[in-house]
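See structure below.
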Amino acid sequence: MFGGLTVARVSKAAGVTRATFSSYWPSAADYLDDLLDHLADLDPDTYADDVAHAIRAVESAAHDLTTPFLHACDAQLRSVIADPALRVRLGFLSKMDDPAVAERLRRRYRSLEERQWTGPERMLRSWGREVRPPIEPHQLAAVHTMLQECLAARHVVDPEAVPVELYGYLSLVLLLLLTRRVDDTRTVDDMLGVADTWPTMGLMLPAAP
């Protein structure tokens, strides 16, 4: 994308002449600027039908929540994997030290996460759960976006090591740790405190008969 992107290459890929390209963008750099702006506004306000159906199944679950939750996560990750814009976003992430690129990507991710958090927030409320301090809701949303994109890219490269199902399990484990019942006062640090006992338990277990 950045090492050899030229007007000629973009024009050939788009099936237009260089003159047509130049009537819209004076240079390849100007094209990339507009492409970044387009990415920031590209994501739809609603999920694709199959993802939306899977999410509705989670929202309507009365007892067996795990199965529809995992199915919804599978549908979400498959949607990210199939999204052609994923490759473009990852390409731009390689230019994250460029302030202009970083600002546009930041706007894209924050806008997406703000829109997508409405559903999970509603579900957490209906389950009597809330985000566990000191984690903030927008941080949890950012973690899930990061998981989606990183796992999607790694799945394309190595589907055997990173199956689609992994995203659902990781998401559920994160919710178990990073959310709490509304009557639970423990913070994330309180939950992590149990790790302090691991060395002692590790020494005791080999000595057990």
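Naming works like this for the structure tokens: A, B, ... for the chains as they're shown, residue 1 at the start of each chain, ligands 1 onward in shown order.
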
At most 6 Å is the cut-off: for each residue in range 77-147 of chain A with any atom that close to an atom of range 180-183 of chain A, write down the nearest atom pair and the distance in Å rounded to one decimal, counting only C-alpha atoms, chain first then increasing number, as CSV.
residue,atom,partner,partner_atom,distance
A:Gly128,CA,A:Arg181,CA,5.7
A:Arg129,CA,A:Arg181,CA,4.3
A:Glu130,CA,A:Arg180,CA,5.5
A:Arg132,CA,A:Arg180,CA,5.6

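The neighbours of Tyr167 in chain A here are the residues that come within 8 Å of it, using only C-alpha atoms and leaving out any residue fewer than 2 positions away in the same chain; they are Cys73, Asp74, Leu77, Leu147, Gln148, Leu151, Val164, Glu165, Tyr169, Leu170 and Ser171 of chain A.
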
- prompt: Within 12 Å of range 189-203 of chain A, counting only C-alpha atoms, which residues qualify if same-chain residues fewer than 3 places away don't, as a PyMOL selection string?
  reply: chain A and resi 132-135+176-180+184-186+206-208

message: Calculated over only C-alpha atoms, which of the candidates A:Thr145, A:Ser126, A:Ser11, A:Ser111 has the smallest distance to Val80 in chain A?
response: A:Thr145
